[in-house]
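Let me begin by presenting the structure, written as C-alpha cells, before commenting on it.
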Amino acid sequence: MDISVARDYLVIDGKPRFIFGGDFNYTRTPRRHWRDRLLKMKTAGLNTVTFYTTWAYHEPSKDSWNWSGDHDLAHFIDLIHNEGMWVIARLGPFVHGEWRNGGLPQWVIDELGPKVRTNSPEYLELTRKWYEQVLSIIVPRLITRGGPIIMVQLENELGSAGSRGDDIARGAVNPEENTKHILFYHRIVREHGVDVPIIDINKFPGKENIENLIDAKGCYITSCFGGEGEFPPLTTEKWNNHKRPLISIETMGGMFVRYFDWPPYRHTNGYQGPIVQPELIEAITYHHLAEGYNGINYYTFVDGQHPEGGAERMLPPRDMNFQAPITVVGNLRESYRIIKRIGWFLRAFQQEILRSQPNANWMSAVSYGWAHPGVESSGDLFENYHKEAEPVPDHLRHIQRVECLGRVTRGLNLSESNFAFLLNTKVQGTHWLRDIRLLTNPRGISCEVWQEYPQLIQISLPPQRNKCLPFYVKVAPGSFLEYSTAELLDRRQFDNGVQVILHAEANEMTETSLVLPHQGEIKKKEEAMVFWQSPHTLRVLSTPGPDMQIICIDNEIPIRLVLMERKLAGDVWEIISPQGMLVAASNMRLLESCFEDKKTKIRIQSNEMDFDLFLLTPLALFLKGPFITLKEEYNPKFGLYRASGTINMPCPKIDFSRKKVGKFYIWEAEIKPELLTGLRDLVLYIQYEGTSAKATLNGKLISDHAFGQYLFWEIGLSDCIGEGGLLRIEFENCRKADVLIRPIVEFEAEINWK
C-alpha cells in the first residue's frame, strides 16, 4: 500500500483520506487494557492512533533494553493494525509528553548534562543507538510494507519547548544548529528505509525544503503554561497560504493540571487549572474543520498512570489525569461523546469534506434575536461608560454577527458538499444567539444563487454551542440533502435504500430540505410535519425527543431520515448483522460484534445497572444475555428495535473507617481479591474538598490526585488489588469527601435474527 502527500490531504492506497486520530501512550496503560482502549477509540470514529516511543521506558539503564510485556511496542502496533487503524509514531528521542526529562533516560542526563538536545557527538551517538533500536520495530510495520504506520515524527518541539519541570532545554540558541539536529535524525530514518511522510512539529529554518514533510500544527486554547487563551476569529489565511495539508498533531483533548513545580516556575504549591470543558474541544475541532484542516489528532485521548519515576516533576507522581476522553480506568468523559459525534460524521462524509475548501465569501450569519431574558448586553457593566461614539439605537442593539465560516465545493450545477460552521463558544463564556439567519451568495461558486436559510423556522445557538450545518450533500444518486438545521451523524446503506442520521438538541425544532428525483410515498414515525414544497423538494419540520424520529421516503433509491437527540447521538455503536453494519444507540458500551451461524455475538461493557438500547434494523430479532429483566419491541414498519431492562451487576461493599489526623482526613479498609468476582473492575469514584490526596495499598502508592473539588478521581482496583490488604486514602486539608463504589461489568450478549 502506498502513501503520498497531496497539497490538501494525504492520499493512502490511491484515495484521499482524512486523518482523525488520538494519542494513546502505551507506556501509561497495562498491556491487558490496550485492546479495550483501542476499541473505544475505534468506536468513536477515530482512524489513527498516535503515540510517543519513550526512550526512558525502554532503556532505563544503559544498554539494558526492555521490549517485552507492557513494553512490547511491536505487539501494541500490531493490535492497532488488527483493528484497521493507522499509526503515527513519534520517535523522540526527546518527546516531552509529561515524562520526566522529556522521556530522556536519567542515565543520559547524568552522563551528558547540558549536552542533551544538542549536536554534541556523544549525544548524537547515543540517540543513533536509540533510533536503531526503535526503527527495527517501526520499519517492518510501515504502511509501504503492509503495516499501519503512515507517518513518523522526529524529535518534538525542538526550538520551541523543553521540559520546565526537569530543566531540559528547548534546543540550541542558534536555529541553524536545530536544523542540523533534525537533519541528523532525518538521515538515520531514511538510511533505515523509512519511506513514509515525516510529520514535524519542531521549529527550525529550512523545513519547507524537505521533501515528504508535513509541517504540523497544535492547538491548546487554554493551558497551564500561559493562562486562559481565547478563540481567534475564523479565517482563510492558513488555507490561502498552505502548500501541504493542514494537519494538527496536537489538538487539545484535555490538559494536565499543574499543581506544583520543582524547581519553581510560577506561583505554585496550589491549584492552577485549567479545567477543560468538553464544549471547548468541540469548538476547536470545528474551528480546524472550518479553516481547512484535513487531519486532526487529539492530545491526549487516553488517560493513564506514570511508570514509577516517570512523571514530569510538575505533576503528581502516579496519575496522569489529563482530562482525556477515556479515563484512567477506561470510563468515558463527555468529551468522548462530543468527539464520537464528529468522528462518525467525518467517517461517513469524509470525501465530501475533503473535496470542500474554506470560503469566506460564501456565507454570513447574523443573529437578530434578543439574548436570553435578562441579558441585554455582553455582560460588561461598564461597556458604555464614557463612550464617545454615537449610541446604537435600542432597536438595533441586539443584532450581531455570528462567528461563521463555510467549506464549499465548486460544482458544475450545484456547489455540492457545502458545510457551514457556526461557533458560539468562548473560554470566558457566551450568551444565547437567537433567530440566526444564514445568507449564501454566488460569489466564486458557479451556478449558485443568493439564498437565505432556514426558510420556515428560527435557528438558535445556546451558550457554548456550535453547529456544522450541511448544504447540498448528496445522499444517493439524484437525491440531495439541500440543507438542514440539524447536524449530520451518519450515512449508510439500509436494506435496499440509504439511511441518513441527523441529531439536534432535545426539543429543538429542526428544518430539513431534501431534493429528490420525484415524489414518492412518505411514512413517518413520531410527530413531524412533512410536505412537498415543490414537485422535487420535500420539507421536514421535526423535534427530537426521547424516541427517534424516522421518515421513510419511497423513491428510486428509498431514503430513511432519522433524527435523534444530541445526547443519544454521543452513545451510538455499530453491530454487525446479516445485512452489514447497523447503527445502535445505548448507554451500554457495545465494543465489538461478530456474526456467525446466523447469530451476532456482542461484547458489552457497562457501569450502569439499567440500560436502554435502540437498533436501526430492517430485520426482526430477539436478544439474549445475562439480563435480570428485559423488555423488547420491534417496529417492522420503520425498522426500529428497542430494548430496556437491568443487567446482572454484582455490587460489593467496602467498609471504610474514617478519622482525622492533623491536616489529613483518612479512609481505611481491608480489601480482598474476592471483591472483583464477576466484575471487569471495581472503581472508587471520589470527590473531595481539599488540596490533594493519595491512595496506598499496603503502603505502596497506587493512585494520587491534586485537584480537589475541580476534577473527579477514579481508582480502579483490578490493576492493584493483588492479594489484597490495607487500602488507605489520605485527603490533605480536606473537610469533606465522598467515595462511591462503581462496578464495571463485561459480558457477551447474543442477537438471534428472525
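If you're wondering about the labels, chains in the C-alpha cells are A, B, ... by order shown, residues count from 1 in each chain, ligands from 1 in order shown.
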Report task. Apply DSSP to the backbone of this structure and, from stretch 6-40 of chain A, keep only the residues in helix (DSSP H, G or I); write these as a PyMOL selection string. Result -> chain A and resi 26-28+31-40
Those selected residues, please, written with N, CA and C atoms and delivered as a PDB file, in the first residue's frame.
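Okay, out-v2.pdb is ready:
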ATOM      1  N   TYR A  26       1.041   4.086  25.224  1.00  0.00           N
ATOM      2  CA  TYR A  26       1.028   2.716  25.752  1.00  0.00           C
ATOM      3  C   TYR A  26       1.857   2.573  27.020  1.00  0.00           C
ATOM      4  N   THR A  27       2.759   3.510  27.272  1.00  0.00           N
ATOM      5  CA  THR A  27       3.624   3.404  28.446  1.00  0.00           C
ATOM      6  C   THR A  27       2.875   3.647  29.748  1.00  0.00           C
ATOM      7  N   ARG A  28       1.667   4.185  29.677  1.00  0.00           N
ATOM      8  CA  ARG A  28       0.914   4.512  30.893  1.00  0.00           C
ATOM      9  C   ARG A  28      -0.299   3.608  31.115  1.00  0.00           C
ATOM     10  N   ARG A  31      -0.637  -3.591  29.465  1.00  0.00           N
ATOM     11  CA  ARG A  31      -0.865  -4.289  28.205  1.00  0.00           C
ATOM     12  C   ARG A  31      -2.257  -4.920  28.139  1.00  0.00           C
ATOM     13  N   ARG A  32      -2.757  -5.437  29.256  1.00  0.00           N
ATOM     14  CA  ARG A  32      -4.043  -6.130  29.215  1.00  0.00           C
ATOM     15  C   ARG A  32      -5.204  -5.191  28.892  1.00  0.00           C
ATOM     16  N   HIS A  33      -4.983  -3.891  28.987  1.00  0.00           N
ATOM     17  CA  HIS A  33      -6.035  -2.926  28.652  1.00  0.00           C
ATOM     18  C   HIS A  33      -5.873  -2.326  27.256  1.00  0.00           C
ATOM     19  N   TRP A  34      -4.807  -2.621  26.566  1.00  0.00           N
ATOM     20  CA  TRP A  34      -4.531  -1.951  25.290  1.00  0.00           C
ATOM     21  C   TRP A  34      -5.685  -2.110  24.307  1.00  0.00           C
ATOM     22  N   ARG A  35      -6.143  -3.343  24.117  1.00  0.00           N
ATOM     23  CA  ARG A  35      -7.191  -3.559  23.110  1.00  0.00           C
ATOM     24  C   ARG A  35      -8.497  -2.891  23.535  1.00  0.00           C
ATOM     25  N   ASP A  36      -8.806  -2.909  24.798  1.00  0.00           N
ATOM     26  CA  ASP A  36     -10.020  -2.240  25.279  1.00  0.00           C
ATOM     27  C   ASP A  36     -10.003  -0.765  24.913  1.00  0.00           C
ATOM     28  N   ARG A  37      -8.887  -0.103  25.154  1.00  0.00           N
ATOM     29  CA  ARG A  37      -8.811   1.331  24.857  1.00  0.00           C
ATOM     30  C   ARG A  37      -8.845   1.573  23.342  1.00  0.00           C
ATOM     31  N   LEU A  38      -8.199   0.698  22.573  1.00  0.00           N
ATOM     32  CA  LEU A  38      -8.203   0.850  21.119  1.00  0.00           C
ATOM     33  C   LEU A  38      -9.607   0.674  20.555  1.00  0.00           C
ATOM     34  N   LEU A  39     -10.363  -0.274  21.090  1.00  0.00           N
ATOM     35  CA  LEU A  39     -11.742  -0.460  20.634  1.00  0.00           C
ATOM     36  C   LEU A  39     -12.578   0.782  20.915  1.00  0.00           C
ATOM     37  N   LYS A  40     -12.354   1.405  22.053  1.00  0.00           N
ATOM     38  CA  LYS A  40     -13.118   2.612  22.384  1.00  0.00           C
ATOM     39  C   LYS A  40     -12.713   3.782  21.488  1.00  0.00           C
TER      40      LYS A  40
END
Using only C-alpha atoms, what does the table of stretch 150-240 of chain A residues within 8 Å of stretch 423-439 of chain A look like, with each row giving the shortest atom pair and its distance in Å to one decimal, sorted by chain and ascending number, as a tab-separated table?
residue	atom	partner	partner_atom	distance
A:Ile221	CA	A:Val427	CA	8.0
A:Thr222	CA	A:Val427	CA	7.8
A:Glu228	CA	A:Val427	CA	7.3
A:Gly229	CA	A:Val427	CA	7.1
A:Glu230	CA	A:Val427	CA	5.7
A:Phe231	CA	A:Lys426	CA	6.4
Within 8 Å of stretch 559-570 of chain A, which residues of stretch 282-342 of chain A come that close, and what is the closest atom pair and distance in Å for each? Count only C-alpha atoms and give it as CSV.
residue,atom,partner,partner_atom,distance
A:Tyr336,CA,A:Gly570,CA,7.9
A:Arg337,CA,A:Gly570,CA,4.2
A:Ile338,CA,A:Gly570,CA,6.3
A:Lys340,CA,A:Gly570,CA,6.0
A:Arg341,CA,A:Gly570,CA,5.6
Requested in this report: List the neighbours of A:Gly343 out to 12 Å using only C-alpha atoms; skip same-chain residues closer than 4 positions along the sequence, and give me the result as a PyMOL selection string.
Outcome: chain A and resi 18-22+41-48+282+285-286+295-298+335-339+347-350+488-490+569-570+572-573
What does the file look like for those residues with C-alpha atoms, as an mmCIF file, in the first residue's frame?
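In the end it all went to again.cif:
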data_model
loop_
_atom_site.group_PDB
_atom_site.id
_atom_site.type_symbol
_atom_site.label_atom_id
_atom_site.label_comp_id
_atom_site.auth_asym_id
_atom_site.auth_seq_id
_atom_site.Cartn_x
_atom_site.Cartn_y
_atom_site.Cartn_z
ATOM 1 C CA PHE A 18 -8.985 12.495 6.413
ATOM 2 C CA ILE A 19 -6.752 11.725 9.395
ATOM 3 C CA PHE A 20 -8.811 11.646 12.594
ATOM 4 C CA GLY A 21 -6.735 10.394 15.475
ATOM 5 C CA GLY A 22 -5.939 10.442 19.148
ATOM 6 C CA MET A 41 -11.039 4.853 20.130
ATOM 7 C CA LYS A 42 -12.229 2.977 17.051
ATOM 8 C CA THR A 43 -15.905 3.122 18.067
ATOM 9 C CA ALA A 44 -15.528 6.899 18.451
ATOM 10 C CA GLY A 45 -14.780 7.090 14.726
ATOM 11 C CA LEU A 46 -11.019 7.543 15.009
ATOM 12 C CA ASN A 47 -8.966 6.027 12.201
ATOM 13 C CA THR A 48 -5.482 6.819 13.572
ATOM 14 C CA GLU A 282 -15.900 20.634 20.005
ATOM 15 C CA THR A 285 -12.411 20.818 16.178
ATOM 16 C CA TYR A 286 -14.991 22.836 14.243
ATOM 17 C CA GLY A 295 -6.142 15.997 9.724
ATOM 18 C CA ILE A 296 -6.941 16.346 13.426
ATOM 19 C CA ASN A 297 -5.280 14.413 16.240
ATOM 20 C CA TYR A 298 -6.260 14.848 19.896
ATOM 21 C CA SER A 335 -15.659 14.898 25.608
ATOM 22 C CA TYR A 336 -15.642 11.313 24.265
ATOM 23 C CA ARG A 337 -19.269 11.664 23.194
ATOM 24 C CA ILE A 338 -18.584 15.010 21.545
ATOM 25 C CA ILE A 339 -15.655 13.571 19.591
ATOM 26 C CA ARG A 347 -16.163 8.862 8.660
ATOM 27 C CA ALA A 348 -19.464 8.907 6.743
ATOM 28 C CA PHE A 349 -18.833 12.159 4.845
ATOM 29 C CA GLN A 350 -15.052 12.021 4.532
ATOM 30 C CA LEU A 488 -25.160 15.103 10.240
ATOM 31 C CA LEU A 489 -24.058 11.997 12.092
ATOM 32 C CA ASP A 490 -24.071 9.065 9.679
ATOM 33 C CA ALA A 569 -26.018 10.597 19.208
ATOM 34 C CA GLY A 570 -22.999 10.513 21.546
ATOM 35 C CA VAL A 572 -24.026 5.320 19.102
ATOM 36 C CA TRP A 573 -22.341 1.999 18.328
#
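Between atom CA of A:Met320 and atom CA of A:Gln153 the separation is 22.8 Å.
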Requested in this report: Write out as a ChimeraX atom specification the residues lying within 12 Å of A:Gln351, counting only C-alpha atoms and excluding same-chain residues fewer than 4 positions away.
Outcome: /A:9,11,15-19,294,345-347,355-357,409,416-418,473-474
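When only C-alpha atoms are used to measure the gap to A:Lys62, the shortest distance among A:Pro105, A:Pro93, A:Pro535, A:Pro175 belongs to A:Pro105.
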Query - stretch 142-147 of chain A environment, 12 Å, only C-alpha atoms, sequence neighbours closer than 3 positions dropped, as a VMD selection string - result: chain A and resid 1 to 4 12 to 13 74 77 to 89 135 to 139 150 to 152 189 192 to 197
Query - Interatomic distance (Å, one decimal) between atom CA of A:Glu732 and atom CA of A:Thr327 - result: 23.3 Å
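In this comparison, which uses only C-alpha atoms, the residue of A:Leu213, A:Glu155, A:Leu126, A:Ala169 approaching A:Ala6 most closely is A:Leu213.
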Report task. Among the residues of stretch 227-346 of chain A, find those DSSP assigns to strand (DSSP E or B) from the backbone and print them as a list in words. Result -> Gly227, Glu228, Ile247, Ser248, Ile249, Glu250, Thr251, Met252, Gly295, Ile296, Asn297, Tyr298, Tyr299, Val302, Gln305, Ala311, Asp319, Ile326 and Leu332 of chain A
Just write the chosen residues, C-alpha atoms, as a PDB file, in the first residue's frame.
ATOM      1  CA  GLY A 227      -3.179  31.095  31.433  1.00  0.00           C
ATOM      2  CA  GLU A 228      -6.519  31.217  29.706  1.00  0.00           C
ATOM      3  CA  ILE A 247      -2.878  18.755   9.972  1.00  0.00           C
ATOM      4  CA  SER A 248      -2.952  19.314  13.725  1.00  0.00           C
ATOM      5  CA  ILE A 249      -0.908  16.692  15.531  1.00  0.00           C
ATOM      6  CA  GLU A 250      -1.946  18.082  18.932  1.00  0.00           C
ATOM      7  CA  THR A 251      -5.475  19.392  19.201  1.00  0.00           C
ATOM      8  CA  MET A 252      -6.477  19.832  22.830  1.00  0.00           C
ATOM      9  CA  GLY A 295      -6.142  15.997   9.724  1.00  0.00           C
ATOM     10  CA  ILE A 296      -6.941  16.346  13.426  1.00  0.00           C
ATOM     11  CA  ASN A 297      -5.280  14.413  16.240  1.00  0.00           C
ATOM     12  CA  TYR A 298      -6.260  14.848  19.896  1.00  0.00           C
ATOM     13  CA  TYR A 299      -3.652  15.003  22.613  1.00  0.00           C
ATOM     14  CA  VAL A 302      -6.442   8.044  26.892  1.00  0.00           C
ATOM     15  CA  GLN A 305      -0.616   6.223  35.171  1.00  0.00           C
ATOM     16  CA  ALA A 311       6.286  11.666  35.744  1.00  0.00           C
ATOM     17  CA  ASP A 319      -1.783   9.536  37.862  1.00  0.00           C
ATOM     18  CA  ILE A 326     -11.083   7.971  28.048  1.00  0.00           C
ATOM     19  CA  LEU A 332     -15.836   7.775  29.066  1.00  0.00           C
TER      20      LEU A 332
END
